[in-house]
Structure formats: structure tokens, C-alpha cells
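Source file: work-v6.cif; contents: mmCIF, C-alpha atoms.
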```
data_entry
#
loop_
_atom_site.group_PDB
_atom_site.id
_atom_site.type_symbol
_atom_site.label_atom_id
_atom_site.label_comp_id
_atom_site.auth_asym_id
_atom_site.auth_seq_id
_atom_site.Cartn_x
_atom_site.Cartn_y
_atom_site.Cartn_z
ATOM 1 C CA GLY O 551 23.847 -49.165 -81.295
ATOM 2 C CA ASN O 552 24.158 -45.365 -81.226
ATOM 3 C CA VAL O 553 26.258 -43.184 -78.938
ATOM 4 C CA TYR O 554 24.899 -40.448 -76.684
ATOM 5 C CA LEU O 555 27.303 -38.795 -74.273
ATOM 6 C CA THR O 556 28.163 -35.581 -72.512
ATOM 7 C CA LEU O 557 31.683 -34.512 -71.630
ATOM 8 C CA ALA O 558 32.309 -31.918 -68.925
ATOM 9 C CA VAL O 559 35.347 -29.768 -69.691
ATOM 10 C CA PRO O 560 36.637 -27.611 -66.829
ATOM 11 C CA ARG O 561 36.618 -23.933 -67.811
ATOM 12 C CA SER O 562 40.141 -23.665 -66.395
ATOM 13 C CA ARG O 563 41.266 -25.682 -69.449
ATOM 14 C CA LEU O 564 39.601 -23.166 -71.783
ATOM 15 C CA PRO O 565 40.969 -19.642 -71.520
ATOM 16 C CA LEU O 566 38.567 -16.980 -72.780
ATOM 17 C CA PRO O 567 40.275 -16.491 -76.192
ATOM 18 C CA ARG O 568 39.897 -20.205 -76.824
ATOM 19 C CA LEU O 569 36.137 -20.389 -76.259
ATOM 20 C CA ALA O 570 35.148 -18.903 -79.625
ATOM 21 C CA LEU O 571 36.790 -21.735 -81.562
ATOM 22 C CA PHE O 572 35.980 -24.550 -79.162
ATOM 23 C CA PRO O 573 32.838 -25.656 -81.096
ATOM 24 C CA LEU O 574 34.998 -26.047 -84.212
ATOM 25 C CA GLU O 575 37.683 -27.840 -82.243
ATOM 26 C CA ALA O 576 35.132 -30.280 -80.821
ATOM 27 C CA GLY O 577 33.982 -31.021 -84.372
ATOM 28 C CA VAL O 578 37.564 -31.725 -85.453
ATOM 29 C CA ALA O 579 37.998 -34.105 -82.496
ATOM 30 C CA LEU O 580 34.833 -35.969 -83.496
ATOM 31 C CA TRP O 581 35.904 -36.183 -87.149
ATOM 32 C CA ASP O 582 39.303 -37.518 -86.079
ATOM 33 C CA ALA O 583 37.779 -40.126 -83.751
ATOM 34 C CA VAL O 584 35.394 -41.462 -86.394
ATOM 35 C CA ALA O 585 37.831 -41.231 -89.313
ATOM 36 C CA GLY O 586 40.374 -43.219 -87.318
ATOM 37 C CA LEU O 587 37.984 -46.187 -87.304
ATOM 38 C CA LEU O 588 36.999 -45.997 -90.966
ATOM 39 C CA PRO O 589 38.833 -47.749 -93.771
ATOM 40 C CA PRO O 590 40.959 -45.097 -95.547
ATOM 41 C CA VAL O 591 38.811 -45.284 -98.696
ATOM 42 C CA GLN O 592 35.731 -44.269 -96.659
ATOM 43 C CA ARG O 593 37.256 -41.185 -94.970
ATOM 44 C CA ALA O 594 36.668 -38.922 -97.985
ATOM 45 C CA ARG O 595 32.913 -39.348 -97.403
ATOM 46 C CA LEU O 596 33.191 -37.756 -93.939
ATOM 47 C CA HIS O 597 32.939 -33.956 -93.488
ATOM 48 C CA LEU O 598 32.042 -31.256 -90.996
ATOM 49 C CA LYS O 599 29.169 -28.801 -91.341
ATOM 50 C CA TRP O 600 29.545 -25.557 -89.427
ATOM 51 C CA PRO O 601 30.131 -25.501 -86.596
ATOM 52 C CA ASN O 602 30.456 -29.169 -85.625
ATOM 53 C CA ASP O 603 27.930 -31.531 -87.224
ATOM 54 C CA LEU O 604 29.492 -34.676 -88.645
ATOM 55 C CA LEU O 605 28.284 -35.525 -92.151
ATOM 56 C CA LEU O 606 28.569 -38.711 -94.141
ATOM 57 C CA ASP O 607 27.844 -38.159 -97.828
ATOM 58 C CA GLY O 608 26.255 -34.807 -96.918
ATOM 59 C CA ARG O 609 23.832 -36.350 -94.402
ATOM 60 C CA LYS O 610 24.051 -35.829 -90.641
ATOM 61 C CA ALA O 611 25.726 -38.712 -88.804
ATOM 62 C CA ALA O 612 26.317 -36.842 -85.527
ATOM 63 C CA GLY O 613 25.277 -33.619 -83.862
ATOM 64 C CA MET O 614 26.659 -31.691 -80.954
ATOM 65 C CA LEU O 615 25.406 -29.102 -78.482
ATOM 66 C CA LEU O 616 27.603 -27.094 -76.153
ATOM 67 C CA GLU O 617 26.442 -25.419 -72.958
ATOM 68 C CA ALA O 618 28.445 -23.535 -70.368
ATOM 69 C CA THR O 619 28.335 -22.827 -66.661
ATOM 70 C CA ALA O 620 30.795 -20.761 -64.677
ATOM 71 C CA GLU O 621 32.892 -23.864 -63.995
ATOM 72 C CA HIS O 622 32.358 -26.230 -66.952
ATOM 73 C CA LEU O 623 31.647 -26.421 -70.641
ATOM 74 C CA PHE O 624 29.383 -29.392 -71.436
ATOM 75 C CA VAL O 625 29.762 -31.083 -74.806
ATOM 76 C CA GLY O 626 26.657 -33.173 -75.562
ATOM 77 C CA ILE O 627 26.794 -35.394 -78.595
ATOM 78 C CA GLY O 628 24.652 -37.929 -80.412
ATOM 79 C CA ILE O 629 26.294 -40.224 -82.958
ATOM 80 C CA ASN O 630 24.251 -42.369 -85.346
ATOM 81 C CA VAL O 631 26.236 -45.569 -85.569
ATOM 82 C CA CYS O 632 23.604 -48.215 -86.369
ATOM 83 C CA SER O 633 20.380 -46.280 -86.773
ATOM 84 C CA ALA O 634 19.405 -42.818 -87.931
ATOM 85 C CA PRO O 635 16.335 -40.956 -86.729
ATOM 86 C CA HIS O 636 13.915 -39.696 -89.332
ATOM 87 C CA VAL O 637 14.236 -35.903 -89.439
ATOM 88 C CA THR O 638 10.859 -34.163 -89.477
ATOM 89 C CA ASP O 639 11.757 -30.656 -88.283
ATOM 90 C CA GLY O 640 13.423 -29.377 -91.452
ATOM 91 C CA GLY O 641 16.926 -30.214 -90.268
ATOM 92 C CA THR O 642 19.633 -31.975 -92.217
ATOM 93 C CA PRO O 643 18.586 -35.485 -93.303
ATOM 94 C CA SER O 644 20.308 -38.114 -91.190
ATOM 95 C CA THR O 645 22.371 -41.191 -91.888
ATOM 96 C CA ARG O 646 24.287 -43.767 -89.907
ATOM 97 C CA LEU O 647 27.979 -44.569 -89.817
ATOM 98 C CA ALA O 648 27.159 -48.199 -90.597
ATOM 99 C CA GLU O 649 26.815 -46.956 -94.201
ATOM 100 C CA ALA O 650 30.600 -46.448 -94.134
ATOM 101 C CA GLY O 651 31.323 -49.791 -92.508
ATOM 102 C CA LEU O 652 31.127 -49.131 -88.767
ATOM 103 C CA GLN O 653 29.127 -51.478 -86.560
ATOM 104 C CA GLU O 654 27.501 -51.399 -83.111
ATOM 105 C CA GLU O 655 30.705 -52.531 -81.413
ATOM 106 C CA HIS O 656 32.431 -49.381 -82.699
ATOM 107 C CA GLY O 657 30.230 -47.154 -80.517
ATOM 108 C CA LEU O 658 32.389 -47.447 -77.412
ATOM 109 C CA GLU O 659 35.548 -46.958 -79.494
ATOM 110 C CA ILE O 660 34.077 -43.776 -81.010
ATOM 111 C CA ALA O 661 33.136 -42.432 -77.561
ATOM 112 C CA LYS O 662 36.583 -43.166 -76.114
ATOM 113 C CA GLY O 663 38.293 -41.835 -79.227
ATOM 114 C CA PHE O 664 36.302 -38.597 -79.144
ATOM 115 C CA ALA O 665 37.128 -38.025 -75.469
ATOM 116 C CA ALA O 666 40.805 -38.759 -76.129
ATOM 117 C CA CYS O 667 40.998 -36.565 -79.250
ATOM 118 C CA LEU O 668 39.283 -33.679 -77.486
ATOM 119 C CA GLY O 669 41.449 -34.137 -74.396
ATOM 120 C CA ASP O 670 44.608 -34.144 -76.520
ATOM 121 C CA ARG O 671 43.550 -30.822 -78.032
ATOM 122 C CA LEU O 672 43.125 -29.152 -74.634
ATOM 123 C CA PRO O 673 46.182 -27.489 -73.133
ATOM 124 C CA GLN O 674 46.977 -27.722 -69.485
ATOM 125 C CA ALA O 675 45.370 -24.906 -67.486
ATOM 126 C CA GLY O 676 46.607 -21.583 -68.850
ATOM 127 C CA GLY O 677 48.510 -23.261 -71.686
ATOM 128 C CA GLY O 678 48.940 -21.933 -75.181
ATOM 129 C CA HIS O 679 46.513 -22.299 -78.054
ATOM 130 C CA ASP O 680 47.132 -21.902 -81.752
ATOM 131 C CA SER O 681 43.890 -20.758 -83.338
ATOM 132 C CA ALA O 682 45.423 -20.982 -86.820
ATOM 133 C CA ASP O 683 45.875 -24.742 -86.343
ATOM 134 C CA VAL O 684 42.259 -25.151 -85.226
ATOM 135 C CA LEU O 685 40.967 -23.185 -88.211
ATOM 136 C CA ALA O 686 43.172 -25.064 -90.678
ATOM 137 C CA ALA O 687 42.124 -28.450 -89.288
ATOM 138 C CA TRP O 688 38.441 -27.516 -89.416
ATOM 139 C CA LYS O 689 38.651 -26.096 -92.955
ATOM 140 C CA GLN O 690 40.372 -29.260 -94.173
ATOM 141 C CA ARG O 691 37.476 -31.404 -92.898
ATOM 142 C CA ALA O 692 34.593 -29.097 -93.850
ATOM 143 C CA LEU O 693 32.088 -29.663 -96.629
ATOM 144 C CA TRP O 694 32.569 -26.743 -99.030
ATOM 145 C CA ASN O 695 30.775 -26.091 -102.328
ATOM 146 C CA HIS O 696 27.616 -27.650 -100.950
ATOM 147 C CA PRO O 697 24.650 -25.323 -100.306
ATOM 148 C CA VAL O 698 22.970 -25.298 -96.905
ATOM 149 C CA ARG O 699 19.700 -23.725 -95.786
ATOM 150 C CA LEU O 700 19.280 -21.050 -93.132
ATOM 151 C CA ARG O 701 16.623 -23.053 -91.376
ATOM 152 C CA ASP O 702 15.263 -20.400 -89.042
ATOM 153 C CA ARG O 703 14.958 -17.587 -91.581
ATOM 154 C CA ALA O 704 11.888 -16.721 -93.615
ATOM 155 C CA GLY O 705 11.833 -18.802 -96.774
ATOM 156 C CA ARG O 706 14.729 -20.925 -95.539
ATOM 157 C CA PRO O 707 17.166 -19.443 -98.078
ATOM 158 C CA GLU O 708 20.027 -21.518 -99.419
ATOM 159 C CA VAL O 709 23.542 -20.192 -98.925
ATOM 160 C CA LEU O 710 26.956 -21.448 -99.939
ATOM 161 C CA PRO O 711 29.647 -21.706 -97.212
ATOM 162 C CA LEU O 712 32.783 -19.813 -98.245
ATOM 163 C CA ASP O 713 35.151 -19.415 -95.306
ATOM 164 C CA ILE O 714 35.507 -19.054 -91.540
ATOM 165 C CA ASN O 715 37.266 -16.239 -89.744
ATOM 166 C CA ALA O 716 39.531 -16.140 -86.689
ATOM 167 C CA ASP O 717 36.458 -15.999 -84.414
ATOM 168 C CA GLY O 718 34.867 -19.093 -85.958
ATOM 169 C CA HIS O 719 32.165 -17.161 -87.837
ATOM 170 C CA LEU O 720 31.084 -18.617 -91.176
ATOM 171 C CA ARG O 721 30.994 -16.488 -94.327
ATOM 172 C CA VAL O 722 28.262 -17.514 -96.758
ATOM 173 C CA ARG O 723 27.039 -16.337 -100.167
ATOM 174 C CA HIS O 724 23.330 -15.918 -100.852
ATOM 175 C CA ALA O 725 21.800 -16.763 -104.238
ATOM 176 C CA ASP O 726 21.764 -13.039 -105.124
ATOM 177 C CA GLY O 727 25.548 -12.823 -104.605
ATOM 178 C CA ARG O 728 25.332 -11.001 -101.281
ATOM 179 C CA GLU O 729 27.736 -12.319 -98.628
ATOM 180 C CA GLU O 730 27.134 -12.500 -94.894
ATOM 181 C CA TRP O 731 29.041 -13.601 -91.800
ATOM 182 C CA LEU O 732 27.089 -16.023 -89.615
ATOM 183 C CA VAL O 733 27.756 -15.929 -85.891
ATOM 184 C CA SER O 734 24.965 -18.200 -84.701
ATOM 185 C CA GLU O 735 22.588 -19.875 -87.087
ATOM 186 C CA TYR O 736 20.966 -23.261 -87.549
ATOM 187 C CA LEU O 737 22.003 -24.695 -90.899
ATOM 188 C CA ALA O 738 20.180 -27.541 -92.611
#
```
Spit out the file's structure as C-alpha cells when you get a sec.
Amino acid sequence: GNVYLTLAVPRSRLPLPRLALFPLEAGVALWDAVAGLLPPVQRARLHLKWPNDLLLDGRKAAGMLLEATAEHLFVGIGINVCSAPHVTDGGTPSTRLAEAGLQEEHGLEIAKGFAACLGDRLPQAGGGHDSADVLAAWKQRALWNHPVRLRDRAGRPEVLPLDINADGHLRVRHADGREEWLVSEYLA
């Protein structure tokens, strides 16, 4: 009843300037695919956590990993449609999209929708790319004003997401008021 898939995106479709924001763009494509299947009243429960985890009511409904080779970028994704694994490693507690009304038969629709949404966002080889549109779309779907933990740091400090920059880095505020830009961090 869950979805596990990997998409291979040719690097020729992703010019170098586009790579920095591609994790955010993949998250937007996933949000769009799932939101398109939800009743409108349920869509407000769906958000993104930096860079591309899909949250339902603040709990993780889908996660994504991206890996690259010289010729492809691989987008691996797991989507909790009917069941949610128990999280024991300190990560974000999980949930399932069934809590918002989706059922097992929606799994294939989500997979196809994600591939289509991501494909629609990719330009033809060498085509243009508007990073401002990617950033605006991601910010609109993000969960703001909700603290997250820096899972791999001593004490697992809580931080508050504030903004993202043109490179896709996340600005956060620590409890002491200090702000920091995150480039690569595991948030829980």
C-alpha cells in the first residue's frame, strides 16, 4: 500500500545552475502530485520540510534521497500511503496519507503524478530555468513557524526555519537568537 520508486533524470536535463535547487523542485513536484489527489479541505494539512520531505500535520508522510552520477541524477522516494513505519532513529515521526483520505489504490496515481509533475518542471536539454519560481513555489508549500531539530548535532538543538536563499540553503534561528544558514543538515 506504500510507494517506493526511483526516477533517473538525465544530467543533460539539469544544467549546473539548476542542480542546487533541484532537491527543492523535487519536493514541490511531490507536494503537487499528492495535493492533486486530496480533497481541497485536506491540502492545508500538507507541507514541505527542507529540503523535500512531505509532511502531513507536521509528521513525515514521504522522504526523498537524491544521488548523482556523471550521467544521471537519481531521485529515490518512499511515500507512506497506507502504513507508516515506526521511527526509532530520532527522525521525524511518521504518518500515512490515508489519514488525509488517500487509499492503497492511490499509490500508482501518486507515482505517476510525481513523475509527470517532475517531468513538467524539467526543461528540454539546455532550456531555461527560473529559480525565483522554484523558490516561491517551495516557500508557499513549506512548514514555517514550526521548530525542527538538528538531529546530528550535539544536544539535537531546536531551530526555527526562517527563509531559503537563491542556492536553496535554509536560514534558521537558534533558541539563543543566533541565525545560521544550513547547507546540508538532517532535520527532525
Using all atoms listed in the file, I'd like a table of the residues in segment 621-704 of chain O that come within 9 Å of segment 721-736 of chain O; for each, show the closest atom pair and its distance in Å rounded to one decimal, ordered by chain and ascending number, as JSON lines.
```
{"residue": "O:Gly641", "atom": "CA", "partner": "O:Tyr736", "partner_atom": "CA", "distance": 8.5}
{"residue": "O:Arg699", "atom": "CA", "partner": "O:Tyr736", "partner_atom": "CA", "distance": 8.3}
{"residue": "O:Leu700", "atom": "CA", "partner": "O:Tyr736", "partner_atom": "CA", "distance": 6.2}
{"residue": "O:Arg701", "atom": "CA", "partner": "O:Tyr736", "partner_atom": "CA", "distance": 5.8}
{"residue": "O:Asp702", "atom": "CA", "partner": "O:Tyr736", "partner_atom": "CA", "distance": 6.6}
```
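With all atoms listed in the file as the basis for measurement, O:Asp683 is the residue among O:Glu654, O:Asp639, O:Glu617, O:Asp683 that approaches Val578 of chain O most closely.
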Mind telling me what the PyMOL selection byres ((chain O and resi 643) around 12) catches here, as a short mmCIF file (atom, residue, chain, number, x, y, z; two decimals) with C-alpha atoms, in the coordinates of the input?
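The file below, expr-v2.cif, is the result:
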```
data_model
loop_
_atom_site.label_atom_id
_atom_site.label_comp_id
_atom_site.auth_asym_id
_atom_site.auth_seq_id
_atom_site.Cartn_x
_atom_site.Cartn_y
_atom_site.Cartn_z
CA ASP O 603 27.93 -31.53 -87.22
CA LEU O 604 29.49 -34.68 -88.64
CA LEU O 605 28.28 -35.52 -92.15
CA LEU O 606 28.57 -38.71 -94.14
CA ASP O 607 27.84 -38.16 -97.83
CA GLY O 608 26.26 -34.81 -96.92
CA ARG O 609 23.83 -36.35 -94.40
CA LYS O 610 24.05 -35.83 -90.64
CA ALA O 611 25.73 -38.71 -88.80
CA ALA O 612 26.32 -36.84 -85.53
CA GLY O 613 25.28 -33.62 -83.86
CA ASN O 630 24.25 -42.37 -85.35
CA ALA O 634 19.40 -42.82 -87.93
CA PRO O 635 16.34 -40.96 -86.73
CA HIS O 636 13.92 -39.70 -89.33
CA VAL O 637 14.24 -35.90 -89.44
CA THR O 638 10.86 -34.16 -89.48
CA ASP O 639 11.76 -30.66 -88.28
CA GLY O 640 13.42 -29.38 -91.45
CA GLY O 641 16.93 -30.21 -90.27
CA THR O 642 19.63 -31.98 -92.22
CA SER O 644 20.31 -38.11 -91.19
CA THR O 645 22.37 -41.19 -91.89
CA ARG O 646 24.29 -43.77 -89.91
CA VAL O 698 22.97 -25.30 -96.90
CA LEU O 737 22.00 -24.70 -90.90
CA ALA O 738 20.18 -27.54 -92.61
#
```
Explicit residue set for the PyMOL selection byres ((chain O and resi 595) around 12), as an MDAnalysis selection string: chainID O and resid 581 584:585 588:594 596:598 604:611 647 649:651 691:693
Selection under test: the PyMOL selection byres ((chain O and resi 685) around 9); residues as a PyMOL selection string: chain O and resi 571+574-575+681-684+686-690+714-716+718
d(atom CA of Pro560 of chain O, atom CA of His622 of chain O) in Å: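 Going from atom CA of Pro560 of chain O over to atom CA of His622 of chain O covers 4.5 Å.
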Distance in Å - atom CA of Pro573 of chain O versus atom CA of Gly586 of chain O: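 Atom CA of Pro573 of chain O sits 20.1 Å away from atom CA of Gly586 of chain O.
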What lies within 9 Å of Gln653 of chain O using all atoms listed in the file, ignoring chain neighbours under 6 positions off, as a tab-separated table (two decimals) with C-alpha atoms, in the coordinates of the input?
```tsv
chain	number	residue	atom	x	y	z
O	551	GLY	CA	23.85	-49.16	-81.30
O	631	VAL	CA	26.24	-45.57	-85.57
O	632	CYS	CA	23.60	-48.22	-86.37
O	647	LEU	CA	27.98	-44.57	-89.82
```
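One distance worth recording is that between atom CA of Leu623 of chain O and atom CA of Arg561 of chain O, which is 6.2 Å.
Distance check against Asp717 of chain O using only C-alpha atoms: of O:Pro601, O:Gly577, O:Phe624, O:Ala583, the minimum falls on O:Pro601.
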